[in-house]
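Here the structure is laid out as structure tokens; the discussion comes afterwards.
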Amino acid sequence: MPTVEIAAGRIDYVERGTGPAVVLLHGLLMNHTQWDQVIDLLPNGFRYVLPDLPLGAHATPMHPDADLSLRGLNRIIADFLAALDLRDVTLVHSDWGGGLFLTAYGLDERVSRIIALPCEAFDNFPPGLPGKMVAIATALPGGISLALRQLRIRWLRSSPLLMGWMARRPLPDALVHGWTEPALRDKAIRRDLLKYAKSGFPKPELIANTEALQRFSGDALILWSSAGKVMPREHGRRLAELLPKGELVEIDDAYVLSMLDRPQAVATAMSAFLFSANASAAPHNRTLES
């Protein structure tokens, strides 16, 4: 994997293709492999860049003094775009939602378009039962290692307390083993995860940072899931209405990880957005059926 050095440490990433930059982010305790089922379905003519952010499934630990708060992680994303000199980026968000706050922190100068799959927004931190379980695991001595081992047991991770409400279909063992291996192997990876999870998420600040998206002037696709209990369906509509050039597209029969539940539908919606010259100036709703 290629790497790039930024102030917080070394970021591993994968990329393919040439053309306008599309940067695909991932969720907590996940990495770029979250997109494996979609990436081959996306159109040619774009440069797809997938960083492994320090969210617990990254192979290389950050510097011990790295700021891994929500603000710090936004700075890492901004520094990553700058280090690769990526401009006019389409930034694709999923699950943890922190990249949505680039505008609030004044760090979005390299981002021209947004695609947001189900992610934390407004006051939904930590989200649902899985988020509460992460909070408990990070508060208990040895809790993270125990939770990671539980994720490796198929019947346990299918519980709503773990991944049962994150993905509608069972997650493959190999995928989850890849996500959990770095933190089980390296205590410095667990340190990074704990720094983020324990950094604090004041709800008034989270709401204000989400509402700062009113200042984002680029095109935006809110690619939400119509089913699911972790990221409220209503938040997709609210985000689309908040963004000046927001469009809401709903994916049926999918939970938070819609790129795993419905990869073809996700790829179809993303491709249409990438090819479009301009998104609608006012939000409007569509639903992708099976």
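Each chain in the structure tokens gets a letter, A, B, ..., in the order shown, and its residues are numbered from 1; ligands are numbered from 1 in order too.
Non-sequential neighbours of stretch 200-203 of chain A (distance at most 10 Å, separation of 4 or more positions within a chain, only C-alpha atoms) are Ser69, Leu70, Phe122, Asp123, Asn124, Phe125, Pro126, Lys195, Tyr196, Ile207, Ala208 and Asn209 of chain A.
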Exercise. Enumerate the residues of stretch 24-249 of chain A with a DSSP assignment of alpha helix (DSSP H), computed from the backbone, and present them as a VMD selection string.
Key: chain A and resid 36 to 39 70 to 83 128 to 139 143 to 151 154 to 157 173 to 185 187 to 197 203 to 211 233 to 242
Quiz item: What separation in Å, quoted to one decimal, exists between atom CA of A:Gly17 and atom CA of A:Leu260?
Solution: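 Rounded to one decimal, the two atoms are 21.9 Å apart.
Remark: for A:Val249, the closest of the candidate residues A:Leu175, A:Leu28, A:Val230, A:Ala272 is A:Ala272 (distances computed over only C-alpha atoms).
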Exercise. Go through A:Phe273, A:Leu129, A:Asp85, A:Thr90 one by one, measure the shortest atom-to-atom distance of each to A:Ser159 using only C-alpha atoms, and give the residue with the smallest value.
Key: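 Comparing A:Phe273, A:Leu129, A:Asp85, A:Thr90 against A:Ser159, the winner is A:Leu129.
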Practice problem: Apply DSSP to the backbone of this structure and, from stretch 62-267 of chain A, keep only the residues in strand (DSSP E); write these as a ChimeraX atom specification. | Solution: /A:89-95,111-119,219-225,246-251
Quiz item: When distances are computed from only C-alpha atoms, which of A:Met30, A:Met163, A:Leu107, A:Val134 shows the smallest separation from A:His177?
Solution: A:Met30
Neighbours of A:Gln214 within 8 Å (only C-alpha atoms; same-chain residues fewer than 3 positions away dropped), as a PDB file with N, CA, C and O atoms, in the first residue's frame?
ATOM      1  N   GLU A 211     -25.026  21.559  11.354  1.00  0.00           N
ATOM      2  CA  GLU A 211     -25.780  22.641  10.715  1.00  0.00           C
ATOM      3  C   GLU A 211     -24.869  23.594   9.940  1.00  0.00           C
ATOM      4  O   GLU A 211     -25.349  24.325   9.070  1.00  0.00           O
ATOM      5  N   SER A 217     -21.245  24.996  -0.380  1.00  0.00           N
ATOM      6  CA  SER A 217     -21.892  25.465  -1.615  1.00  0.00           C
ATOM      7  C   SER A 217     -21.861  24.445  -2.744  1.00  0.00           C
ATOM      8  O   SER A 217     -22.454  24.673  -3.797  1.00  0.00           O
ATOM      9  N   LEU A 242     -30.710  20.639   4.534  1.00  0.00           N
ATOM     10  CA  LEU A 242     -29.738  21.560   5.107  1.00  0.00           C
ATOM     11  C   LEU A 242     -28.742  22.052   4.064  1.00  0.00           C
ATOM     12  O   LEU A 242     -28.368  23.237   4.043  1.00  0.00           O
ATOM     13  N   LEU A 243     -28.307  21.160   3.200  1.00  0.00           N
ATOM     14  CA  LEU A 243     -27.301  21.509   2.194  1.00  0.00           C
ATOM     15  C   LEU A 243     -27.937  22.302   1.057  1.00  0.00           C
ATOM     16  O   LEU A 243     -28.979  21.911   0.526  1.00  0.00           O
ATOM     17  N   PRO A 244     -27.360  23.426   0.662  1.00  0.00           N
ATOM     18  CA  PRO A 244     -27.971  24.251  -0.387  1.00  0.00           C
ATOM     19  C   PRO A 244     -28.213  23.511  -1.694  1.00  0.00           C
ATOM     20  O   PRO A 244     -29.173  23.798  -2.400  1.00  0.00           O
TER      21      PRO A 244
END
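With distances taken over only C-alpha atoms, A:Ala121 is the one residue among A:Met133, A:Ala174, A:Ala121, A:Ala8 lying closest to A:Glu234.
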Quiz prompt | Exercise: A:Cys119 partners within 7 Å, only C-alpha atoms, chain neighbours under 6 positions left out, as a PyMOL selection string | solution = chain A and resi 94-97+231
Could you save the residues just selected, with all heavy atoms, as a CSV table (one decimal), in the first residue's frame?
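Just written: result-v4.csv:
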chain,number,residue,atom,x,y,z
A,94,SER,N,-19.1,7.8,5.3
A,94,SER,CA,-19.9,6.6,5.8
A,94,SER,C,-19.7,6.4,7.3
A,94,SER,O,-18.6,6.5,7.8
A,94,SER,CB,-19.4,5.4,5.0
A,94,SER,OG,-19.9,4.2,5.6
A,95,ASP,N,-20.7,6.2,8.0
A,95,ASP,CA,-20.8,5.7,9.3
A,95,ASP,C,-20.3,6.7,10.4
A,95,ASP,O,-21.2,7.3,11.0
A,95,ASP,CB,-20.0,4.4,9.5
A,95,ASP,CG,-20.0,3.8,10.9
A,95,ASP,OD1,-21.0,4.1,11.6
A,95,ASP,OD2,-19.1,3.1,11.2
A,96,TRP,N,-19.0,7.0,10.5
A,96,TRP,CA,-18.6,7.8,11.7
A,96,TRP,C,-18.9,9.3,11.5
A,96,TRP,O,-19.1,10.0,12.5
A,96,TRP,CB,-17.1,7.6,12.0
A,96,TRP,CG,-16.2,8.2,11.0
A,96,TRP,CD1,-15.9,7.8,9.7
A,96,TRP,CD2,-15.4,9.4,11.2
A,96,TRP,NE1,-15.0,8.6,9.1
A,96,TRP,CE2,-14.6,9.6,10.0
A,96,TRP,CE3,-15.2,10.2,12.3
A,96,TRP,CZ2,-13.7,10.6,9.9
A,96,TRP,CZ3,-14.3,11.3,12.1
A,96,TRP,CH2,-13.6,11.5,10.9
A,97,GLY,N,-19.0,9.8,10.3
A,97,GLY,CA,-19.6,11.1,10.0
A,97,GLY,C,-18.7,12.3,10.3
A,97,GLY,O,-19.0,13.4,10.0
A,231,MET,N,-28.8,4.8,12.2
A,231,MET,CA,-28.8,6.2,11.6
A,231,MET,C,-30.3,6.5,11.2
A,231,MET,O,-30.8,5.9,10.2
A,231,MET,CB,-27.9,6.3,10.4
A,231,MET,CG,-26.5,5.7,10.7
A,231,MET,SD,-25.6,6.6,12.0
A,231,MET,CE,-24.0,5.7,12.0
Quiz item: If you count only C-alpha atoms, which residues fall within 12 Å of A:Ala265, apart from same-chain ones fewer than 6 positions away, as number ranges by chain?
Solution: A: 37-38, 41-42, 223-225, 249-254, 258-259, 271-272, 287-290
Self-check item: Shell around A:Phe46 at 9 Å using only C-alpha atoms, local window under 3 positions removed, as a ChimeraX atom specification
Solution: /A:16-22,42-43,274
Report as a PDB file with C-alpha atoms, in the first residue's frame all protein, DNA and RNA residues lying within 9 Å of A:Leu148, evaluated on only C-alpha atoms, omitting residues in the same chain fewer than 3 positions from it.
ATOM      1  CA  LEU A  29     -13.384  -0.251  13.382  1.00  0.00           C
ATOM      2  CA  GLY A 143     -13.009  -3.926  26.949  1.00  0.00           C
ATOM      3  CA  ILE A 144     -11.783  -3.118  23.445  1.00  0.00           C
ATOM      4  CA  SER A 145      -9.871  -6.399  23.072  1.00  0.00           C
ATOM      5  CA  LEU A 151     -16.834  -9.344  16.539  1.00  0.00           C
ATOM      6  CA  ARG A 152     -14.965 -12.363  15.178  1.00  0.00           C
ATOM      7  CA  TRP A 179     -10.879  -5.081  10.481  1.00  0.00           C
ATOM      8  CA  THR A 180     -10.110  -6.486  13.925  1.00  0.00           C
ATOM      9  CA  GLU A 181      -6.588  -7.814  13.361  1.00  0.00           C
ATOM     10  CA  ALA A 183      -6.020  -3.565  17.101  1.00  0.00           C
ATOM     11  CA  LEU A 184      -5.749  -7.104  18.438  1.00  0.00           C
TER      12      LEU A 184
END
